[in-house]
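Trainee: Provided herewith: final29.csv, CSV, C-alpha atoms.
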```
chain,number,residue,atom,x,y,z
A,264,MET,CA,37.9,-21.9,22.7
A,265,ALA,CA,39.3,-23.8,19.6
A,266,PHE,CA,39.2,-22.0,16.3
A,267,PRO,CA,38.4,-23.9,13.1
A,268,SER,CA,41.5,-25.3,11.3
A,269,LYS,CA,41.0,-22.9,8.3
A,270,PHE,CA,41.7,-20.0,10.6
A,271,SER,CA,44.7,-21.5,12.3
A,272,PHE,CA,48.2,-20.1,11.5
A,273,SER,CA,51.3,-22.2,11.2
A,274,PHE,CA,54.8,-20.8,10.9
A,275,SER,CA,55.7,-24.0,9.1
A,276,LYS,CA,53.5,-22.9,6.2
A,277,PHE,CA,54.8,-19.3,6.4
A,278,PRO,CA,58.3,-19.4,8.0
A,279,GLU,CA,58.9,-15.8,7.3
A,280,GLY,CA,56.1,-14.9,9.7
A,281,GLY,CA,58.5,-15.2,12.6
A,282,LEU,CA,60.9,-12.8,10.9
A,283,ILE,CA,58.1,-10.3,10.3
A,284,LEU,CA,57.1,-10.6,14.0
A,285,ALA,CA,60.7,-10.0,15.0
A,286,ILE,CA,60.9,-6.8,12.9
A,287,VAL,CA,57.7,-5.5,14.5
A,288,VAL,CA,58.9,-6.3,18.0
A,289,LEU,CA,62.3,-4.8,17.3
A,290,GLY,CA,60.7,-1.7,15.9
A,291,LEU,CA,58.5,-1.3,19.0
A,292,LEU,CA,61.4,-1.7,21.3
A,293,LEU,CA,63.5,0.9,19.5
A,294,ALA,CA,60.5,3.3,19.4
A,295,VAL,CA,59.9,2.9,23.2
A,296,PHE,CA,63.5,3.0,24.4
A,297,GLY,CA,65.0,5.2,21.8
A,298,GLY,CA,63.4,8.4,23.0
A,299,SER,CA,62.9,11.5,20.9
A,300,VAL,CA,65.2,14.0,19.1
A,301,GLN,CA,64.9,17.4,17.6
A,302,LEU,CA,65.4,17.5,13.8
A,303,PRO,CA,65.4,20.4,11.3
A,304,LYS,CA,62.0,20.9,9.8
A,305,PHE,CA,61.6,20.5,6.0
A,306,GLN,CA,58.8,21.1,3.5
A,307,ASN,CA,58.5,20.6,-0.2
A,308,ASN,CA,58.7,23.7,-2.3
A,309,ALA,CA,56.8,24.5,-5.5
A,310,GLU,CA,59.1,22.3,-7.5
A,311,GLY,CA,58.5,19.4,-5.2
A,312,LYS,CA,62.0,19.5,-3.7
A,313,PRO,CA,62.6,19.6,0.1
A,314,GLU,CA,63.8,22.8,1.7
A,315,ARG,CA,64.4,24.1,5.2
A,316,VAL,CA,61.5,25.7,7.1
A,317,PHE,CA,62.2,29.0,9.0
A,318,GLU,CA,60.2,30.6,11.7
A,319,THR,CA,60.2,34.2,12.8
A,320,THR,CA,61.2,35.1,16.4
A,321,PRO,CA,59.4,37.8,18.5
A,322,ASP,CA,62.2,40.2,17.6
A,323,GLY,CA,61.7,39.6,13.9
A,324,GLN,CA,64.6,37.4,13.1
A,325,LYS,CA,64.3,34.2,10.9
A,326,VAL,CA,65.7,31.1,12.5
A,327,PRO,CA,65.6,27.4,11.4
A,328,ALA,CA,62.5,25.6,12.6
A,329,PHE,CA,62.9,22.3,14.5
A,330,GLU,CA,60.4,19.5,15.3
A,331,THR,CA,60.5,16.8,18.0
A,332,VAL,CA,60.2,13.3,16.6
A,333,ASN,CA,60.7,9.7,17.8
A,334,LYS,CA,64.3,8.6,17.1
A,335,PHE,CA,63.2,5.5,15.3
A,336,PHE,CA,59.7,6.2,14.0
A,337,ASN,CA,60.5,9.2,11.8
A,338,PRO,CA,60.7,9.4,8.0
A,339,ARG,CA,64.5,10.0,7.9
A,340,THR,CA,65.5,7.0,10.0
A,341,LEU,CA,63.1,4.7,8.2
A,342,ILE,CA,64.3,5.9,4.8
A,343,GLN,CA,67.9,5.5,5.8
A,344,ILE,CA,67.2,1.9,6.9
A,345,ALA,CA,65.4,1.1,3.7
A,346,LYS,CA,68.2,2.6,1.5
A,347,ASP,CA,71.1,0.9,3.5
A,348,THR,CA,69.2,-2.4,3.5
A,349,SER,CA,68.8,-2.6,-0.3
A,350,PHE,CA,72.5,-3.1,-1.1
A,351,PHE,CA,72.9,-6.0,1.4
A,352,ALA,CA,69.5,-7.6,0.7
A,353,ILE,CA,70.3,-7.9,-3.1
A,354,MET,CA,73.5,-9.8,-2.4
A,355,ALA,CA,71.8,-11.8,0.4
A,356,VAL,CA,69.4,-13.2,-2.1
A,357,GLY,CA,72.3,-14.5,-4.2
A,358,MET,CA,74.1,-15.8,-1.1
A,359,THR,CA,70.9,-17.6,0.0
A,360,VAL,CA,70.8,-19.5,-3.3
A,361,VAL,CA,74.5,-20.6,-2.6
A,362,ILE,CA,73.8,-21.6,1.0
A,363,ILE,CA,70.8,-23.7,0.1
A,364,THR,CA,73.2,-26.0,-1.9
A,365,GLY,CA,75.3,-26.3,1.2
A,366,GLY,CA,78.0,-23.9,-0.1
A,367,ILE,CA,79.4,-20.5,1.0
A,368,ASP,CA,80.7,-17.5,-0.9
A,369,LEU,CA,83.3,-15.6,1.2
A,370,SER,CA,84.3,-13.5,-1.9
A,371,VAL,CA,81.0,-11.7,-2.3
A,372,GLY,CA,82.4,-8.4,-0.8
A,373,ALA,CA,85.6,-8.6,-3.0
A,374,THR,CA,83.5,-9.4,-6.1
A,375,TYR,CA,81.4,-6.3,-5.2
A,376,ALA,CA,84.6,-4.2,-5.0
A,377,LEU,CA,86.1,-5.5,-8.2
A,378,ALA,CA,82.9,-5.0,-10.2
A,379,SER,CA,82.6,-1.5,-8.7
A,380,VAL,CA,86.2,-0.6,-9.7
A,381,CYS,CA,85.9,-2.0,-13.2
A,382,GLY,CA,82.6,-0.2,-13.8
A,383,ALA,CA,84.1,3.1,-12.3
A,384,LEU,CA,87.1,2.9,-14.7
A,385,VAL,CA,84.7,2.6,-17.7
A,386,LEU,CA,82.3,5.3,-16.5
A,387,THR,CA,85.0,7.8,-15.6
A,388,GLN,CA,86.4,7.7,-19.2
A,389,PHE,CA,83.2,9.5,-20.4
A,390,GLY,CA,83.1,12.2,-17.6
A,391,ALA,CA,80.1,14.1,-16.5
A,392,ALA,CA,78.9,14.6,-20.1
A,393,GLY,CA,78.6,10.9,-20.9
A,394,GLY,CA,75.3,9.9,-22.4
A,395,THR,CA,73.0,6.9,-22.3
A,396,GLY,CA,75.5,4.7,-24.3
A,397,ALA,CA,78.2,5.4,-21.8
A,398,VAL,CA,75.9,4.6,-18.9
A,399,LEU,CA,74.8,1.3,-20.4
A,400,LEU,CA,78.3,0.3,-21.1
A,401,GLY,CA,79.4,1.0,-17.5
A,402,ILE,CA,76.4,-1.0,-16.2
A,403,LEU,CA,77.1,-3.9,-18.4
A,404,VAL,CA,80.8,-4.0,-17.5
A,405,THR,CA,80.0,-3.8,-13.7
A,406,ILE,CA,77.4,-6.6,-13.9
A,407,GLY,CA,79.6,-8.6,-16.3
A,408,VAL,CA,82.6,-8.5,-13.9
A,409,GLY,CA,80.4,-9.7,-11.0
A,410,ILE,CA,79.0,-12.6,-13.1
A,411,LEU,CA,82.6,-13.5,-14.2
A,412,GLY,CA,83.8,-13.6,-10.6
A,413,GLY,CA,80.9,-15.9,-9.5
A,414,LEU,CA,81.5,-18.1,-12.6
A,415,LEU,CA,85.1,-18.5,-11.8
A,416,ASN,CA,84.3,-19.4,-8.2
A,417,GLY,CA,81.8,-22.1,-9.2
A,418,SER,CA,84.0,-23.5,-11.9
A,419,MET,CA,87.0,-23.9,-9.6
A,420,ILE,CA,84.9,-25.5,-6.9
A,421,VAL,CA,83.5,-28.1,-9.3
A,422,ALA,CA,86.7,-28.6,-11.3
A,423,PHE,CA,89.0,-29.0,-8.3
A,424,ASN,CA,86.4,-30.6,-6.0
A,425,VAL,CA,87.5,-28.4,-3.2
A,426,HIS,CA,85.3,-27.0,-0.4
A,427,PRO,CA,83.8,-23.7,-1.3
A,428,PHE,CA,85.2,-22.1,1.9
A,429,ILE,CA,88.8,-22.6,0.6
A,430,ILE,CA,88.2,-21.4,-3.0
A,431,THR,CA,86.2,-18.3,-2.1
A,432,LEU,CA,88.6,-17.5,0.7
A,433,GLY,CA,91.3,-17.4,-1.9
A,434,THR,CA,89.4,-15.5,-4.5
A,435,MET,CA,88.4,-13.0,-1.8
A,436,ALA,CA,92.0,-12.0,-1.6
A,437,ILE,CA,92.6,-12.2,-5.4
A,438,TYR,CA,89.7,-10.1,-6.5
A,439,ARG,CA,90.4,-7.4,-3.9
A,440,GLY,CA,94.0,-7.4,-4.8
A,441,ILE,CA,93.2,-7.0,-8.5
A,442,ALA,CA,90.9,-4.1,-7.6
A,443,PHE,CA,93.8,-2.5,-5.6
A,444,VAL,CA,96.3,-2.9,-8.4
A,445,GLN,CA,93.9,-1.4,-10.9
A,446,THR,CA,93.3,1.8,-8.8
A,447,ASN,CA,96.6,2.0,-6.8
A,448,GLY,CA,94.3,2.2,-3.8
A,449,GLN,CA,92.7,5.4,-5.1
A,450,SER,CA,89.0,6.2,-5.4
A,451,ILE,CA,87.6,6.5,-8.9
A,452,GLY,CA,84.9,9.1,-9.6
A,453,GLY,CA,83.6,11.6,-12.2
A,454,PHE,CA,80.7,9.6,-13.7
A,455,PRO,CA,78.1,10.8,-16.2
A,456,GLU,CA,75.5,12.9,-14.5
A,457,ALA,CA,72.7,11.0,-16.2
A,458,PHE,CA,73.8,7.9,-14.4
A,459,ARG,CA,73.9,9.4,-10.9
A,460,THR,CA,70.6,11.3,-11.5
A,461,PHE,CA,68.8,8.1,-12.4
A,462,VAL,CA,70.0,6.0,-9.5
A,463,ARG,CA,69.5,8.8,-7.0
A,464,GLN,CA,65.8,9.5,-7.9
A,465,GLU,CA,63.8,10.1,-4.8
A,466,PHE,CA,60.2,10.5,-3.7
A,467,ASN,CA,59.7,12.4,-0.5
A,468,GLY,CA,63.3,11.6,0.4
A,469,LEU,CA,62.9,7.9,-0.3
A,470,SER,CA,65.5,6.4,-2.8
A,471,LEU,CA,63.3,4.7,-5.3
A,472,VAL,CA,65.8,2.9,-7.6
A,473,PRO,CA,67.7,0.8,-5.0
A,474,LEU,CA,64.4,-0.2,-3.3
A,475,ILE,CA,62.7,-1.1,-6.6
A,476,VAL,CA,65.7,-3.2,-7.7
A,477,MET,CA,65.8,-4.9,-4.3
A,478,ILE,CA,62.2,-5.9,-4.6
A,479,ILE,CA,62.6,-7.1,-8.2
A,480,VAL,CA,65.6,-9.2,-7.2
A,481,MET,CA,63.7,-10.7,-4.3
A,482,ILE,CA,60.7,-11.6,-6.5
A,483,VAL,CA,62.9,-13.1,-9.2
A,484,GLY,CA,64.8,-15.1,-6.6
A,485,SER,CA,61.5,-16.4,-5.1
A,486,ILE,CA,60.2,-17.5,-8.5
A,487,PHE,CA,63.6,-19.1,-9.3
A,488,LEU,CA,63.6,-21.1,-6.1
A,489,SER,CA,59.9,-22.0,-5.6
A,490,LYS,CA,58.4,-22.1,-9.1
A,491,MET,CA,61.2,-23.3,-11.5
A,492,ALA,CA,62.5,-26.9,-11.9
A,493,ILE,CA,66.1,-25.6,-11.4
A,494,GLY,CA,65.1,-24.2,-8.1
A,495,ARG,CA,63.9,-27.6,-6.9
A,496,LYS,CA,67.3,-29.0,-8.0
A,497,VAL,CA,69.0,-26.4,-5.8
A,498,TYR,CA,67.1,-27.6,-2.8
A,499,ALA,CA,67.6,-31.2,-3.7
A,500,ILE,CA,71.4,-30.8,-3.8
A,501,GLY,CA,71.4,-29.1,-0.4
A,502,GLY,CA,69.2,-31.8,1.1
A,503,ASN,CA,71.3,-34.7,-0.2
A,504,GLU,CA,74.0,-34.2,-2.9
A,505,THR,CA,74.7,-37.9,-3.4
A,506,ALA,CA,71.1,-38.8,-3.9
A,507,SER,CA,70.7,-35.8,-6.3
A,508,ARG,CA,73.6,-37.0,-8.3
A,509,TYR,CA,72.2,-40.6,-8.6
A,510,SER,CA,68.8,-39.2,-9.5
A,511,GLY,CA,70.3,-37.6,-12.6
A,512,ILE,CA,70.8,-34.0,-11.5
A,513,ARG,CA,73.8,-32.3,-13.0
A,514,VAL,CA,75.2,-31.2,-9.6
A,515,GLY,CA,78.3,-29.5,-11.0
A,516,ALA,CA,76.3,-27.4,-13.5
A,517,VAL,CA,73.9,-26.3,-10.8
A,518,LYS,CA,76.7,-25.4,-8.4
A,519,ILE,CA,78.4,-23.3,-11.1
A,520,LEU,CA,75.0,-21.6,-11.7
A,521,VAL,CA,74.4,-20.7,-8.1
A,522,TYR,CA,77.8,-19.1,-7.6
A,523,THR,CA,77.3,-17.2,-10.9
A,524,ILE,CA,74.0,-15.9,-9.4
A,525,SER,CA,75.9,-14.8,-6.3
A,526,GLY,CA,78.3,-12.8,-8.5
A,527,LEU,CA,75.4,-11.4,-10.5
A,528,THR,CA,73.7,-10.0,-7.4
A,529,ALA,CA,77.1,-8.5,-6.3
A,530,GLY,CA,77.4,-6.8,-9.6
A,531,ILE,CA,73.8,-5.4,-9.4
A,532,ALA,CA,74.6,-4.0,-5.9
A,533,SER,CA,77.8,-2.5,-7.3
A,534,VAL,CA,75.9,-0.6,-10.0
A,535,LEU,CA,73.5,0.9,-7.4
A,536,ALA,CA,76.4,1.9,-5.2
A,537,LEU,CA,78.3,3.5,-8.0
A,538,GLY,CA,75.3,5.6,-8.9
A,539,TYR,CA,74.4,6.5,-5.4
A,540,TYR,CA,77.8,7.3,-4.0
A,541,GLY,CA,79.5,8.5,-7.2
A,542,ALA,CA,82.8,6.6,-6.7
A,543,GLY,CA,84.3,3.2,-6.7
A,544,ALA,CA,87.4,2.0,-4.7
A,545,SER,CA,89.2,-1.2,-3.9
A,546,GLY,CA,88.1,-0.9,-0.3
A,547,ASP,CA,84.4,-1.0,-1.2
A,548,GLY,CA,82.5,-3.9,0.4
A,549,GLN,CA,85.1,-4.4,3.1
A,550,GLY,CA,83.4,-6.8,5.6
A,551,TYR,CA,80.3,-7.1,3.5
A,552,GLU,CA,80.6,-10.9,3.4
A,553,LEU,CA,79.8,-11.1,7.1
A,554,ASN,CA,76.7,-8.9,6.8
A,555,VAL,CA,75.5,-10.7,3.6
A,556,ILE,CA,76.0,-14.2,5.1
A,557,ALA,CA,74.4,-13.0,8.4
A,558,ALA,CA,71.3,-11.7,6.5
A,559,ALA,CA,70.9,-15.0,4.7
A,560,VAL,CA,71.3,-17.0,7.9
A,561,VAL,CA,69.1,-14.8,10.0
A,562,GLY,CA,66.5,-15.0,7.2
A,563,GLY,CA,66.3,-18.8,7.7
A,564,ALA,CA,68.9,-20.2,5.3
A,565,SER,CA,70.5,-23.3,6.9
A,566,LEU,CA,74.3,-23.5,6.6
A,567,VAL,CA,74.0,-27.3,6.2
A,568,GLY,CA,71.9,-26.7,3.0
A,569,GLY,CA,68.4,-27.5,1.8
A,570,LYS,CA,66.6,-24.5,3.4
A,571,GLY,CA,66.2,-20.8,2.7
A,572,THR,CA,64.0,-18.3,0.8
A,573,ALA,CA,64.6,-15.1,-1.0
A,574,LEU,CA,62.0,-13.3,1.1
A,575,GLY,CA,63.7,-14.5,4.2
A,576,ALA,CA,67.0,-13.0,3.0
A,577,LEU,CA,65.3,-9.7,2.5
A,578,LEU,CA,63.8,-9.8,6.0
A,579,GLY,CA,67.0,-10.9,7.5
A,580,ALA,CA,68.8,-7.9,5.9
A,581,ILE,CA,66.2,-5.6,7.4
A,582,ILE,CA,66.6,-7.1,10.9
A,583,LEU,CA,70.4,-6.6,10.8
A,584,GLN,CA,70.1,-3.0,9.5
A,585,MET,CA,67.6,-2.2,12.2
A,586,ILE,CA,70.0,-3.6,14.8
A,587,SER,CA,72.8,-1.5,13.4
A,588,ASN,CA,70.8,1.7,13.4
A,589,GLY,CA,69.3,0.7,16.7
A,590,LEU,CA,72.7,0.9,18.3
A,591,VAL,CA,73.0,4.5,17.2
A,592,ILE,CA,69.5,5.3,18.4
A,593,LEU,CA,70.2,3.8,21.8
A,594,ASN,CA,73.5,5.8,22.0
A,595,ILE,CA,75.6,2.6,21.9
A,596,PRO,CA,79.0,3.1,20.2
A,597,GLN,CA,78.9,1.9,16.6
A,598,ASN,CA,82.1,-0.1,17.3
A,599,TYR,CA,79.9,-2.7,18.9
A,600,SER,CA,77.9,-3.4,15.7
A,601,GLN,CA,80.1,-6.2,14.4
A,602,ILE,CA,80.0,-7.9,17.8
A,603,VAL,CA,76.2,-7.7,17.9
A,604,ILE,CA,75.9,-9.0,14.3
A,605,GLY,CA,78.2,-11.9,15.2
A,606,LEU,CA,76.1,-12.8,18.2
A,607,VAL,CA,73.0,-12.7,16.1
A,608,VAL,CA,74.4,-15.1,13.6
A,609,ILE,CA,75.4,-17.5,16.3
A,610,ALA,CA,72.0,-17.3,17.8
A,611,ALA,CA,70.3,-17.8,14.4
A,612,VAL,CA,72.4,-21.0,13.8
A,613,LEU,CA,71.7,-22.3,17.3
A,614,PHE,CA,68.0,-21.7,16.8
A,615,ASP,CA,68.1,-23.5,13.5
A,616,GLN,CA,69.8,-26.5,15.1
A,617,LEU,CA,67.2,-26.5,17.9
A,618,ASN,CA,64.4,-26.3,15.4
A,619,ALA,CA,65.9,-29.3,13.5
A,620,TRP,CA,66.3,-31.3,16.7
A,621,LEU,CA,62.7,-30.6,17.7
A,622,ALA,CA,61.5,-31.6,14.2
A,623,ASN,CA,63.4,-34.9,14.5
A,624,ARG,CA,61.9,-35.5,18.0
A,625,ARG,CA,58.4,-35.0,16.6
A,626,LEU,CA,59.2,-37.3,13.6
A,627,LEU,CA,60.5,-40.1,15.9
A,628,ALA,CA,57.5,-39.7,18.2
A,629,ARG,CA,55.1,-39.9,15.3
A,630,THR,CA,56.9,-42.9,13.9
A,631,GLY,CA,56.8,-44.6,17.3
A,632,ARG,CA,53.0,-44.1,17.5
A,633,ILE,CA,52.4,-45.5,14.1
A,634,LYS,CA,54.6,-48.6,14.9
A,635,LYS,CA,52.7,-49.1,18.1
A,636,GLU,CA,49.3,-48.9,16.4
A,637,VAL,CA,50.5,-51.4,13.8
A,638,LEU,CA,51.7,-53.9,16.4
A,639,GLU,CA,48.5,-53.5,18.4
A,640,SER,CA,46.4,-54.2,15.4
A,641,SER,CA,48.4,-57.3,14.5
A,642,ASP,CA,47.8,-58.7,18.0
A,643,THR,CA,44.0,-58.9,17.5
A,644,PRO,CA,42.9,-62.5,17.9
A,645,VAL,CA,41.4,-64.1,14.9
A,646,SER,CA,38.7,-66.8,15.4
A,647,ILE,CA,38.9,-69.9,13.3
A,648,THR,CA,35.8,-72.0,12.8
A,649,PRO,CA,36.6,-75.7,12.5
A,650,GLN,CA,35.4,-77.3,9.2
A,651,THR,CA,33.0,-80.3,9.5
A,652,LYS,CA,33.0,-83.1,7.1
```
If you convert what's in this file into structure tokens, what do you get?
Mentor:
Amino acid sequence: MAFPSKFSFSFSKFPEGGLILAIVVLGLLLAVFGGSVQLPKFQNNAEGKPERVFETTPDGQKVPAFETVNKFFNPRTLIQIAKDTSFFAIMAVGMTVVIITGGIDLSVGATYALASVCGALVLTQFGAAGGTGAVLLGILVTIGVGILGGLLNGSMIVAFNVHPFIITLGTMAIYRGIAFVQTNGQSIGGFPEAFRTFVRQEFNGLSLVPLIVMIIVMIVGSIFLSKMAIGRKVYAIGGNETASRYSGIRVGAVKILVYTISGLTAGIASVLALGYYGAGASGDGQGYELNVIAAAVVGGASLVGGKGTALGALLGAIILQMISNGLVILNIPQNYSQIVIGLVVIAAVLFDQLNAWLANRRLLARTGRIKKEVLESSDTPVSITPQTK
């Protein structure tokens, strides 16, 4: 039975539908094969804070109460996935904007570390008693350093006309080296309590601030890419840089902007990490570049440029975090997580190539049909009536 066209669904109109389907299927598999586990039982007290539940044994002793829950579908696991995803997803949105232009930013993890260290050095000067002014200054410094790192990346790529891989590979070492020199390899802590309290706000154990910021960044990124003229220029450069240049687009300025955006999202993620974990170190963000690029690619961004969305970056980050947590749930050593993520990235790239090949085949087939129809119509005999004098 054929359904009316208005009820038909096309992944070409909503490409993120496939990612959502993958998340649902992955969640079901983890729920089925992950099994169950006993966890301590908690309940909210009169002040709304969680506390352990105790039960009385037959001999009158109070012992901690436990409950049997599914290893995946339980509030603690889902909250953990949501919190861990937020840091990567925020940077993945910035990375997606870069990849759409056909570029890459290998320094995103080092930018994250440098911004974190600079912000920590400012915040620690005020100690635990620091007020709102100290918190705002620390946030501005952290985000500002991230923006500066991205701006330098974009400026050098445009000025030297060198492939982004080379420039960002160099700045990856430079930024992390500066962070190490600033801290002598030590962790910097002792931040204002107001800052940590704000970032660590929870509702039923769910970290609100990182999730809210993640959603805001995703929405702003979606508006930037799909609703603004500059976003269409980003796609145009990724589709054909030479044509974009001849059409009047200031390619250099747009490239500097997209790398600055990548640095901005790294700075935002650093602010959240400082508030949540309470310390900054030069080793922060080690290996984040792989996870962030992987989230963007799994989310549908094409490494050749011209394709990608902010929502896809968010969903890609969720998929990768589910895989990472799924290894623990399935009792697979965490050491295999990087191997699995690498395989997922390769699979995503191959799928993108296959999808592009199929699209070209469909286009060629459609072009062939049109050409055939035109030739057949031109072969139609035309009767000519002779004129009589």
Trainee: May I ask which of the residues A:Ile451, A:Ala506, A:Leu520, A:Ile406 is the closest one to A:Leu535, counting all atoms listed in the file?
Mentor: A:Ile406
Trainee: Report as a tab-separated table: every residue of stretch 284-379 of chain A with an atom at most 12 Å from stretch 414-418 of chain A, its closest pair of atoms, and their distance in Å to one decimal, counting only C-alpha atoms, with rows sorted by chain and ascending residue number.
Mentor:
```
residue	atom	partner	partner_atom	distance
A:Val361	CA	A:Gly417	CA	10.0
A:Thr364	CA	A:Gly417	CA	11.9
A:Gly366	CA	A:Gly417	CA	10.0
A:Ile367	CA	A:Asn416	CA	10.5
A:Asp368	CA	A:Asn416	CA	8.4
A:Leu369	CA	A:Asn416	CA	10.2
A:Ser370	CA	A:Asn416	CA	8.6
A:Val371	CA	A:Asn416	CA	10.2
A:Thr374	CA	A:Asn416	CA	10.2
```
Trainee: With C-alpha atoms retained, could you export that selection as an mmCIF file, in the coordinates of the input?
Mentor:
```cif
data_model
loop_
_atom_site.group_PDB
_atom_site.id
_atom_site.type_symbol
_atom_site.label_atom_id
_atom_site.label_comp_id
_atom_site.auth_asym_id
_atom_site.auth_seq_id
_atom_site.Cartn_x
_atom_site.Cartn_y
_atom_site.Cartn_z
ATOM 1 C CA VAL A 361 74.500 -20.600 -2.600
ATOM 2 C CA THR A 364 73.200 -26.000 -1.900
ATOM 3 C CA GLY A 366 78.000 -23.900 -0.100
ATOM 4 C CA ILE A 367 79.400 -20.500 1.000
ATOM 5 C CA ASP A 368 80.700 -17.500 -0.900
ATOM 6 C CA LEU A 369 83.300 -15.600 1.200
ATOM 7 C CA SER A 370 84.300 -13.500 -1.900
ATOM 8 C CA VAL A 371 81.000 -11.700 -2.300
ATOM 9 C CA THR A 374 83.500 -9.400 -6.100
#
```
Trainee: May I ask for the distance between atom CA of A:Ala391 and atom CA of A:Phe454, given in Å to one decimal place?
Mentor: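 Between atom CA of A:Ala391 and atom CA of A:Phe454 the gap works out to 5.3 Å.
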Trainee: Mind pulling up the distance from atom CA of A:Ile286 to atom CA of A:Gly579?
Mentor: 9.1 Å
Trainee: I'd like to know which of A:Tyr509, A:Phe329, A:Tyr375, A:Phe317 is closest to A:Gly526, using only C-alpha atoms.
Mentor: A:Tyr375
Trainee: Which one is closest to A:Ala499: A:Ile437, A:Ile363, A:Leu284, A:Thr387? Count all atoms listed in the file.
Mentor: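 Between A:Ile437, A:Ile363, A:Leu284, A:Thr387, the residue approaching A:Ala499 most closely is A:Ile363.
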Trainee: Which residues, written as a compact mmCIF listing (two decimals) with C-alpha atoms, keeping the file's coordinate frame, have at least one atom at most 9 Å from A:Ser525, with only C-alpha atoms counted and residues fewer than 4 positions away on the same chain left out?
Mentor:
```
# COMPACT_ATOMS: atom_id res chain seq x y z
CA MET A 354 73.50 -9.80 -2.40
CA ALA A 355 71.80 -11.80 0.40
CA VAL A 356 69.40 -13.20 -2.10
CA GLY A 357 72.30 -14.50 -4.20
CA MET A 358 74.10 -15.80 -1.10
CA THR A 359 70.90 -17.60 0.00
CA VAL A 360 70.80 -19.50 -3.30
CA VAL A 361 74.50 -20.60 -2.60
CA ASP A 368 80.70 -17.50 -0.90
CA VAL A 371 81.00 -11.70 -2.30
CA GLY A 409 80.40 -9.70 -11.00
CA ILE A 410 79.00 -12.60 -13.10
CA GLY A 413 80.90 -15.90 -9.50
CA LEU A 520 75.00 -21.60 -11.70
CA VAL A 521 74.40 -20.70 -8.10
CA ALA A 529 77.10 -8.50 -6.30
CA GLY A 530 77.40 -6.80 -9.60
```
Trainee: Taking all atoms listed in the file into account, which of A:Gln343, A:Asn588, A:Ser470, A:Ser545 comes nearest A:Leu377?
Mentor: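 Of A:Gln343, A:Asn588, A:Ser470, A:Ser545, the one nearest A:Leu377, counting all atoms listed in the file, is A:Ser545.
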Trainee: Out of A:Thr446, A:Gly501, A:Leu474, A:Gly396, which residue has the shortest atom-to-atom distance to A:Ile344 when counting all atoms listed in the file?
Mentor: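 So, comparing all the options, the nearest one is A:Leu474.
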Trainee: Using all atoms listed in the file for the distances, tell me which of A:Leu292, A:Leu469, A:Ala558, A:Leu613 is nearest to A:Ile342.
Mentor: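 Looking only at the distances to A:Ile342, the closest residue turns out to be A:Leu469.
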Trainee: Within 12 Å of A:Thr460, counting only C-alpha atoms, which residues qualify if same-chain residues fewer than 2 places away don't, as a PyMOL selection string?
Mentor: chain A and resi 391+394-395+398+454-458+462-465+470-472+535+537-541
Trainee: Can those selected residues be exported to a file as a CSV table (one decimal), keeping the file's coordinate frame so that it contains C-alpha atoms?
Mentor:
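As written to disk, again_11.csv reads:
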```
chain,number,residue,atom,x,y,z
A,391,ALA,CA,80.1,14.1,-16.5
A,394,GLY,CA,75.3,9.9,-22.4
A,395,THR,CA,73.0,6.9,-22.3
A,398,VAL,CA,75.9,4.6,-18.9
A,454,PHE,CA,80.7,9.6,-13.7
A,455,PRO,CA,78.1,10.8,-16.2
A,456,GLU,CA,75.5,12.9,-14.5
A,457,ALA,CA,72.7,11.0,-16.2
A,458,PHE,CA,73.8,7.9,-14.4
A,462,VAL,CA,70.0,6.0,-9.5
A,463,ARG,CA,69.5,8.8,-7.0
A,464,GLN,CA,65.8,9.5,-7.9
A,465,GLU,CA,63.8,10.1,-4.8
A,470,SER,CA,65.5,6.4,-2.8
A,471,LEU,CA,63.3,4.7,-5.3
A,472,VAL,CA,65.8,2.9,-7.6
A,535,LEU,CA,73.5,0.9,-7.4
A,537,LEU,CA,78.3,3.5,-8.0
A,538,GLY,CA,75.3,5.6,-8.9
A,539,TYR,CA,74.4,6.5,-5.4
A,540,TYR,CA,77.8,7.3,-4.0
A,541,GLY,CA,79.5,8.5,-7.2
```
